[in-house]
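File shown here: structure25.csv, holding CSV, C-alpha atoms.
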chain,number,residue,atom,x,y,z
L,1,MET,CA,-139.8,-62.9,-38.6
L,2,GLU,CA,-141.4,-61.1,-41.6
L,3,THR,CA,-141.3,-57.3,-41.5
L,4,LEU,CA,-143.3,-55.4,-44.1
L,5,ALA,CA,-141.4,-52.1,-43.5
L,6,PHE,CA,-138.1,-51.3,-41.9
L,7,ILE,CA,-135.3,-48.7,-41.7
L,8,PRO,CA,-132.4,-49.8,-43.9
L,9,SER,CA,-128.8,-49.7,-42.6
L,10,PRO,CA,-126.1,-48.0,-44.7
L,11,SER,CA,-124.2,-50.3,-47.1
L,12,ALA,CA,-121.0,-48.8,-45.9
L,13,GLY,CA,-119.8,-46.8,-42.9
L,14,GLU,CA,-117.8,-44.3,-45.0
L,15,ILE,CA,-118.7,-41.3,-47.1
L,16,HIS,CA,-116.2,-40.5,-49.8
L,17,LEU,CA,-115.5,-36.9,-50.5
L,18,GLY,CA,-113.6,-37.4,-53.8
L,19,PRO,CA,-110.5,-39.4,-52.8
L,20,LEU,CA,-110.9,-38.6,-49.1
L,21,PRO,CA,-112.9,-41.2,-47.1
L,22,LEU,CA,-114.8,-39.9,-44.2
L,23,ARG,CA,-116.2,-42.2,-41.6
L,24,GLY,CA,-119.9,-41.7,-40.9
L,25,TYR,CA,-119.3,-42.0,-37.2
L,26,ALA,CA,-116.7,-39.2,-37.2
L,27,LEU,CA,-118.9,-37.0,-39.4
L,28,CYS,CA,-121.8,-37.3,-36.9
L,29,ILE,CA,-119.4,-36.3,-34.0
L,30,ILE,CA,-118.0,-33.3,-36.0
L,31,LEU,CA,-121.5,-32.1,-36.9
L,32,GLY,CA,-122.5,-32.4,-33.2
L,33,VAL,CA,-119.6,-30.3,-32.0
L,34,PHE,CA,-120.4,-27.5,-34.5
L,35,VAL,CA,-124.1,-27.5,-33.4
L,36,ALA,CA,-123.1,-27.4,-29.7
L,37,VAL,CA,-120.7,-24.6,-30.1
L,38,TRP,CA,-123.1,-22.6,-32.4
L,39,LEU,CA,-126.1,-22.9,-30.1
L,40,GLY,CA,-124.0,-22.5,-26.9
L,41,GLY,CA,-122.5,-19.3,-28.3
L,42,ARG,CA,-125.9,-17.8,-29.1
L,43,ARG,CA,-127.2,-18.6,-25.6
L,44,TRP,CA,-124.0,-17.2,-24.0
L,45,VAL,CA,-124.2,-13.9,-25.8
L,46,ALA,CA,-127.9,-13.7,-24.9
L,47,ARG,CA,-126.9,-14.1,-21.2
L,48,GLY,CA,-124.5,-11.1,-21.6
L,49,GLY,CA,-121.3,-13.0,-22.4
L,50,GLN,CA,-118.8,-12.1,-25.1
L,51,PRO,CA,-118.9,-13.6,-28.6
L,52,GLY,CA,-116.4,-16.3,-29.2
L,53,THR,CA,-116.1,-17.3,-25.6
L,54,VAL,CA,-117.9,-20.6,-26.0
L,55,ALA,CA,-115.7,-21.6,-28.9
L,56,ASP,CA,-112.6,-20.7,-27.0
L,57,ILE,CA,-113.5,-22.8,-24.1
L,58,ALA,CA,-114.6,-25.7,-26.4
L,59,VAL,CA,-111.0,-25.9,-27.6
L,60,TRP,CA,-110.3,-27.3,-24.1
L,61,ALA,CA,-113.6,-29.2,-23.5
L,62,VAL,CA,-113.9,-31.1,-26.8
L,63,PRO,CA,-110.5,-32.9,-26.8
L,64,PHE,CA,-110.9,-33.7,-23.1
L,65,GLY,CA,-114.4,-35.0,-23.8
L,66,LEU,CA,-113.2,-37.3,-26.7
L,67,VAL,CA,-110.5,-38.7,-24.5
L,68,GLY,CA,-112.8,-39.2,-21.6
L,69,GLY,CA,-115.5,-40.9,-23.7
L,70,ARG,CA,-113.0,-43.3,-25.2
L,71,LEU,CA,-111.4,-44.1,-21.8
L,72,TYR,CA,-114.8,-44.9,-20.3
L,73,HIS,CA,-115.7,-47.2,-23.3
L,74,VAL,CA,-112.3,-49.0,-23.2
L,75,ILE,CA,-112.4,-49.5,-19.4
L,76,THR,CA,-116.0,-50.8,-19.3
L,77,ASP,CA,-115.6,-52.9,-22.4
L,78,TYR,CA,-112.0,-53.9,-21.9
L,79,GLN,CA,-112.7,-57.5,-23.2
L,80,LEU,CA,-113.1,-56.0,-26.7
L,81,TYR,CA,-109.5,-54.9,-26.7
L,82,PHE,CA,-107.5,-56.9,-24.2
L,83,GLY,CA,-109.2,-60.3,-24.3
L,84,GLU,CA,-107.9,-63.4,-26.0
L,85,GLY,CA,-107.4,-62.9,-29.7
L,86,ARG,CA,-107.9,-59.1,-29.4
L,87,ASN,CA,-105.5,-56.4,-30.5
L,88,PRO,CA,-104.9,-53.6,-27.8
L,89,VAL,CA,-104.1,-51.2,-30.6
L,90,ASP,CA,-107.7,-51.2,-31.6
L,91,ALA,CA,-108.4,-49.2,-28.4
L,92,PHE,CA,-107.1,-46.1,-30.3
L,93,ARG,CA,-109.3,-46.6,-33.4
L,94,ILE,CA,-111.9,-44.1,-32.2
L,95,TRP,CA,-113.2,-43.7,-35.7
L,96,ASP,CA,-114.7,-47.2,-35.5
L,97,GLY,CA,-117.0,-46.1,-32.7
L,98,GLY,CA,-117.0,-46.5,-29.0
L,99,LEU,CA,-117.5,-43.3,-26.9
L,100,GLY,CA,-119.0,-43.5,-23.5
L,101,ILE,CA,-121.1,-40.4,-22.8
L,102,TRP,CA,-120.4,-40.6,-19.1
L,103,GLY,CA,-116.7,-40.3,-19.5
L,104,ALA,CA,-117.1,-37.7,-22.2
L,105,ILE,CA,-119.2,-35.4,-20.0
L,106,ALA,CA,-117.0,-36.0,-16.9
L,107,LEU,CA,-113.6,-35.3,-18.6
L,108,GLY,CA,-115.2,-32.7,-20.9
L,109,ALA,CA,-116.3,-30.8,-17.8
L,110,LEU,CA,-112.7,-30.8,-16.6
L,111,GLY,CA,-111.5,-29.3,-19.9
L,112,ALA,CA,-114.3,-26.7,-19.7
L,113,TRP,CA,-113.3,-25.8,-16.2
L,114,ILE,CA,-109.8,-25.2,-17.3
L,115,GLY,CA,-111.0,-23.0,-20.1
L,116,CYS,CA,-113.4,-21.1,-17.8
L,117,ARG,CA,-110.6,-20.5,-15.3
L,118,ARG,CA,-108.5,-18.9,-18.1
L,119,ARG,CA,-111.3,-16.6,-19.0
L,120,GLY,CA,-112.4,-15.7,-15.5
L,121,ILE,CA,-115.8,-17.4,-15.9
L,122,ALA,CA,-117.8,-19.6,-13.5
L,123,LEU,CA,-118.3,-23.1,-14.9
L,124,PRO,CA,-122.0,-23.4,-13.9
L,125,ALA,CA,-123.0,-20.4,-16.0
L,126,TYR,CA,-121.1,-21.8,-18.9
L,127,ALA,CA,-122.6,-25.2,-18.5
L,128,ASP,CA,-126.1,-23.7,-18.5
L,129,ALA,CA,-125.4,-22.0,-21.8
L,130,VAL,CA,-124.1,-25.1,-23.6
L,131,ALA,CA,-126.5,-27.7,-22.1
L,132,PRO,CA,-129.0,-27.7,-25.0
L,133,GLY,CA,-126.2,-27.8,-27.6
L,134,ILE,CA,-124.6,-30.7,-25.9
L,135,VAL,CA,-127.7,-32.9,-25.9
L,136,LEU,CA,-128.3,-31.9,-29.6
L,137,ALA,CA,-124.7,-33.0,-30.3
L,138,GLN,CA,-125.6,-36.3,-28.7
L,139,ALA,CA,-128.7,-36.6,-30.9
L,140,LEU,CA,-126.5,-36.2,-34.0
L,141,GLY,CA,-123.8,-38.5,-32.6
L,142,ARG,CA,-126.2,-41.4,-32.2
L,143,TRP,CA,-126.5,-41.6,-35.9
L,144,GLY,CA,-122.9,-42.8,-36.0
L,145,ASN,CA,-124.3,-46.0,-34.5
L,146,TRP,CA,-126.5,-46.3,-37.5
L,147,PHE,CA,-123.6,-46.0,-39.8
L,148,ASN,CA,-121.7,-48.7,-37.8
L,149,GLN,CA,-124.8,-51.0,-37.4
L,150,GLU,CA,-124.2,-51.2,-33.6
L,151,LEU,CA,-125.9,-50.7,-30.3
L,152,TYR,CA,-129.4,-51.6,-31.6
L,153,GLY,CA,-132.1,-53.2,-29.5
L,154,ARG,CA,-134.1,-56.4,-29.3
L,155,PRO,CA,-135.6,-58.1,-32.3
L,156,THR,CA,-138.9,-56.6,-33.5
L,157,ASP,CA,-141.2,-56.6,-36.5
L,158,LEU,CA,-142.5,-53.1,-36.0
L,159,PRO,CA,-142.7,-50.9,-39.1
L,160,TRP,CA,-139.8,-48.7,-37.9
L,161,ALA,CA,-137.5,-51.7,-37.2
L,162,LEU,CA,-133.9,-51.4,-38.2
L,163,LYS,CA,-132.5,-54.0,-40.6
L,164,ILE,CA,-129.1,-55.3,-39.7
L,165,ASP,CA,-126.7,-57.0,-42.1
L,166,PRO,CA,-125.8,-60.6,-41.2
L,167,GLU,CA,-122.2,-59.8,-40.2
L,168,HIS,CA,-123.4,-57.3,-37.6
L,169,ARG,CA,-126.2,-59.4,-36.0
L,170,PRO,CA,-125.9,-61.0,-32.5
L,171,VAL,CA,-124.6,-64.6,-32.4
L,172,ASP,CA,-127.8,-65.6,-30.6
L,173,THR,CA,-130.1,-64.4,-33.4
L,174,PRO,CA,-128.2,-64.8,-36.7
L,175,ASP,CA,-131.4,-65.4,-38.7
L,176,VAL,CA,-133.3,-62.3,-37.3
L,177,ALA,CA,-132.8,-59.3,-39.6
L,178,THR,CA,-134.8,-56.5,-37.8
L,179,TYR,CA,-134.2,-54.9,-34.4
L,180,HIS,CA,-135.3,-51.9,-32.4
L,181,PRO,CA,-133.5,-48.8,-33.6
L,182,THR,CA,-132.4,-47.6,-30.2
L,183,PHE,CA,-130.1,-45.1,-31.9
L,184,LEU,CA,-133.2,-43.4,-33.3
L,185,TYR,CA,-135.1,-43.6,-30.0
L,186,GLU,CA,-132.2,-41.9,-28.1
L,187,SER,CA,-131.7,-39.3,-30.9
L,188,LEU,CA,-135.3,-38.2,-30.8
L,189,TRP,CA,-135.3,-38.3,-27.0
L,190,CYS,CA,-132.2,-36.0,-27.0
L,191,VAL,CA,-134.0,-33.5,-29.2
L,192,ALA,CA,-136.9,-33.5,-26.8
L,193,VAL,CA,-134.5,-32.9,-23.9
L,194,ALA,CA,-132.9,-30.0,-25.7
L,195,LEU,CA,-136.3,-28.4,-26.2
L,196,LEU,CA,-137.2,-29.1,-22.5
L,197,VAL,CA,-134.0,-27.3,-21.3
L,198,ILE,CA,-134.6,-24.3,-23.5
L,199,TRP,CA,-138.2,-24.0,-22.3
L,200,ALA,CA,-137.4,-24.5,-18.6
L,201,ASP,CA,-134.6,-22.0,-18.8
L,202,ARG,CA,-136.8,-19.3,-20.3
L,203,ARG,CA,-139.8,-20.2,-18.0
L,204,PHE,CA,-137.9,-20.4,-14.7
L,205,LYS,CA,-134.8,-18.3,-15.3
L,206,LEU,CA,-132.5,-21.2,-14.4
L,207,GLY,CA,-129.0,-20.4,-13.2
L,208,HIS,CA,-126.0,-21.6,-11.3
L,209,GLY,CA,-125.9,-24.9,-13.2
L,210,ARG,CA,-129.5,-25.9,-12.9
L,211,ALA,CA,-130.2,-25.8,-16.7
L,212,PHE,CA,-127.3,-28.2,-17.1
L,213,ALA,CA,-128.8,-30.4,-14.3
L,214,VAL,CA,-132.2,-30.5,-16.1
L,215,TYR,CA,-130.4,-31.7,-19.2
L,216,VAL,CA,-128.6,-34.4,-17.2
L,217,ALA,CA,-131.8,-35.6,-15.5
L,218,GLY,CA,-133.8,-35.6,-18.7
L,219,TYR,CA,-131.1,-37.4,-20.7
L,220,THR,CA,-130.5,-40.1,-18.1
L,221,ALA,CA,-134.2,-40.8,-17.7
L,222,GLY,CA,-134.4,-41.6,-21.4
L,223,ARG,CA,-131.1,-43.4,-21.5
L,224,PHE,CA,-132.4,-45.8,-18.8
L,225,TRP,CA,-135.1,-47.2,-21.0
L,226,THR,CA,-133.1,-47.2,-24.3
L,227,GLU,CA,-130.3,-49.0,-22.5
L,228,TYR,CA,-132.8,-51.6,-21.2
L,229,LEU,CA,-133.7,-52.4,-24.9
L,230,ARG,CA,-130.2,-53.0,-26.1
L,231,VAL,CA,-128.8,-56.5,-26.7
L,232,ASP,CA,-125.1,-55.8,-27.1
L,233,ASP,CA,-122.7,-57.4,-24.6
L,234,ALA,CA,-122.4,-55.4,-21.4
L,235,HIS,CA,-121.4,-55.9,-17.8
L,236,HIS,CA,-124.3,-56.5,-15.4
L,237,VAL,CA,-124.5,-55.6,-11.7
L,238,LEU,CA,-127.3,-57.2,-9.6
L,239,GLY,CA,-129.0,-58.3,-12.8
L,240,MET,CA,-129.0,-54.8,-14.5
L,241,ARG,CA,-126.7,-53.4,-17.1
L,242,LEU,CA,-123.9,-51.2,-15.8
L,243,ASN,CA,-125.1,-48.2,-17.8
L,244,ASN,CA,-128.5,-48.5,-16.3
L,245,TRP,CA,-127.0,-48.2,-12.8
L,246,THR,CA,-125.0,-45.2,-14.0
L,247,ALA,CA,-128.0,-43.5,-15.5
L,248,LEU,CA,-130.0,-44.1,-12.3
L,249,ILE,CA,-127.3,-42.7,-10.0
L,250,VAL,CA,-126.6,-39.7,-12.2
L,251,PHE,CA,-130.3,-39.0,-12.5
L,252,LEU,CA,-130.7,-38.9,-8.7
L,253,ALA,CA,-127.6,-36.7,-8.3
L,254,ALA,CA,-128.9,-34.2,-10.9
L,255,VAL,CA,-132.4,-34.0,-9.2
L,256,ALA,CA,-130.7,-33.5,-5.8
L,257,TYR,CA,-128.5,-30.7,-7.3
L,258,ILE,CA,-131.5,-28.9,-8.7
L,259,VAL,CA,-133.3,-28.9,-5.3
L,260,VAL,CA,-130.3,-28.0,-3.2
L,261,SER,CA,-129.0,-25.3,-5.6
L,262,ALA,CA,-132.4,-23.7,-5.9
L,263,LYS,CA,-132.6,-23.2,-2.1
L,264,LYS,CA,-129.0,-22.1,-1.6
L,265,ARG,CA,-128.6,-19.9,-4.8
L,266,PRO,CA,-132.0,-18.9,-6.2
L,267,GLY,CA,-132.3,-17.0,-9.4
L,268,ARG,CA,-129.6,-16.7,-12.0
L,269,GLU,CA,-126.3,-14.9,-12.4
L,270,GLU,CA,-126.6,-11.2,-13.3
L,271,VAL,CA,-123.1,-11.2,-14.8
L,272,VAL,CA,-121.7,-14.3,-16.5
L,273,GLU,CA,-118.5,-12.9,-17.9
L,274,PRO,CA,-116.3,-10.0,-16.7
L,275,GLU,CA,-115.1,-7.3,-19.1
L,276,PRO,CA,-111.9,-8.5,-20.6
L,277,GLY,CA,-108.8,-7.0,-19.1
L,278,PRO,CA,-105.0,-7.3,-19.7
L,279,ASP,CA,-104.5,-9.1,-16.3
L,280,ALA,CA,-107.6,-11.2,-16.1
L,281,VAL,CA,-106.4,-14.7,-15.6
L,282,GLY,CA,-109.0,-16.2,-13.1
L,283,PRO,CA,-112.5,-16.0,-11.7
L,284,ASP,CA,-111.4,-13.4,-9.1
L,285,ALA,CA,-109.4,-11.2,-11.5
L,286,ALA,CA,-112.4,-9.1,-12.5
L,287,SER,CA,-113.4,-8.2,-9.0
L,288,GLU,CA,-109.8,-7.6,-8.1
L,289,GLY,CA,-109.4,-5.3,-11.1
L,290,GLU,CA,-112.5,-3.4,-10.2
L,291,GLY,CA,-111.3,-3.0,-6.6
L,292,ALA,CA,-107.9,-1.6,-7.8
L,293,SER,CA,-109.6,0.8,-10.2
L,294,ALA,CA,-111.9,2.0,-7.4
L,295,GLU,CA,-108.9,2.6,-5.1
L,296,LYS,CA,-107.1,4.5,-7.8
L,297,ALA,CA,-110.1,6.7,-8.5
L,298,GLU,CA,-110.5,7.4,-4.8
L,299,SER,CA,-106.9,8.4,-4.4
L,300,LEU,CA,-107.1,10.8,-7.3
L,301,ALA,CA,-110.2,12.3,-5.9
L,302,GLU,CA,-108.5,13.1,-2.5
L,303,PRO,CA,-106.7,16.4,-2.5
L,304,GLU,CA,-103.0,16.5,-1.6
L,305,PRO,CA,-101.9,18.1,1.7
L,306,GLY,CA,-101.6,21.8,1.4
L,307,ARG,CA,-103.4,21.9,-2.0
L,308,LYS,CA,-106.0,24.6,-2.3
L,309,THR,CA,-109.5,23.5,-3.2
L,310,ALA,CA,-112.7,25.3,-4.2
L,311,ASP,CA,-113.7,25.4,-0.5
L,312,GLY,CA,-110.3,26.7,0.7
L,313,PRO,CA,-106.9,25.3,1.6
L,314,ALA,CA,-106.7,21.6,2.5
L,315,SER,CA,-106.2,20.9,6.2
Let me see whether you can do it: turn the structure in this file into structure tokens.
Amino acid sequence: METLAFIPSPSAGEIHLGPLPLRGYALCIILGVFVAVWLGGRRWVARGGQPGTVADIAVWAVPFGLVGGRLYHVITDYQLYFGEGRNPVDAFRIWDGGLGIWGAIALGALGAWIGCRRRGIALPAYADAVAPGIVLAQALGRWGNWFNQELYGRPTDLPWALKIDPEHRPVDTPDVATYHPTFLYESLWCVAVALLVIWADRRFKLGHGRAFAVYVAGYTAGRFWTEYLRVDDAHHVLGMRLNNWTALIVFLAAVAYIVVSAKKRPGREEVVEPEPGPDAVGPDAASEGEGASAEKAESLAEPEPGRKTADGPAS
């Protein structure tokens, strides 16, 4: 297969900063985290939240997300680590690639929920703020697959085909050099989804987790067709790749959430973060504090028995 033009693959998966080697995959993940926190922080403040809140909660969400992403990958591709001739220790080599977005979002949401509880914040409002940043982080993270020459698509001679080195090619097509750059397709799709979420949020004033659901629905729609193009080994269910089934089920769940949530809780939250207080430790702390303050003010306003007021002695 002759290809007149193609996208070259990196000659090495590492970038050397002086004597310090930095894996390209890890660099993409780190840049993605910074973008997600930066954009999420701006959106949170624009919604009336406090500066620094998104970063504080990310301290919980990011580690949980990395662990969840790795667990999903290892569980669904266990043969890469526990099969014959494999080394189980490689399951911990996260810098070599292998993060499942489904596990990352699921366990990352658990970490975010813990962080939100500590700040007295509702998780859906936080999720709406960080949704575009998360999908932009995914767009950057996909370039890690380019560094590792992995998760590409079927053979092609299109001008934007990705050239893969012989040692990274499928065993079925060792003489074919160019393949669909599914990492690029998904990266561009993620950028489009981020713009869609930002536009929809401004246009329809989305709240109560619906902006996050738009991100989920948009991403899974694109993931379905990029997953369909891939040729890497994967488990199949009823003739379709496992990740295709996951994308389809999650897409339907996200659409259902948007419809049901819009009927039950229309509009968006007026207050996303309570004023910080010394005893605020949970979502109900703010309202409890406000109630206590009101009771205290009311008691001070009531005259004591026998105390003379401007209208005469108290009865």
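Taking CA of Asp175 (chain L) and CA of Gly24 (chain L) as endpoints, the distance between them is 26.4 Å.
Going from CA of Ala46 (chain L) to CA of Val260 (chain L) covers 26.1 Å.
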Report the distance between CA of Arg223 (chain L) and CA of Asn243 (chain L) in Å, rounded to one decimal place. 8.5 Å
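Considering only C-alpha atoms, the residue among L:Ile134, L:Ala122, L:Leu140, L:Ile164 positioned nearest to Ala58 (chain L) is L:Ile134.
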Residues near Asp77 (chain L), anyone? I mean within 10 Å using all atoms listed in the file, not counting same-chain ones fewer than 5 positions away, as a ChimeraX atom specification. /L:71-72,82-83,98,233-235
Select all residues near (-119.3, -38.1, -20.3) (cut-off 10 Å, inclusive, file coordinates), counting only C-alpha atoms, and output them as a list of chain:residue names. L:Phe64, L:Gly65, L:Leu66, L:Val67, L:Gly68, L:Gly69, L:Arg70, L:Tyr72, L:Leu99, L:Gly100, L:Ile101, L:Trp102, L:Gly103, L:Ala104, L:Ile105, L:Ala106, L:Leu107, L:Gly108, L:Ala109
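Minimum atom-to-atom distance to Thr182 (chain L), evaluated using all atoms listed in the file, belongs to L:Pro155 out of L:Gly13, L:Pro63, L:Pro132, L:Pro155.
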Give as a PyMOL selection string each residue that has an atom at most 8 Å from (-135.0, -47.5, -39.0) in the file, counting only C-alpha atoms. chain L and resi 6-9+160-163+180-181+184
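In this comparison, which uses all atoms listed in the file, the residue of L:Asp232, L:Glu167, L:Glu14, L:Asp172 approaching Gly153 (chain L) most closely is L:Asp232.
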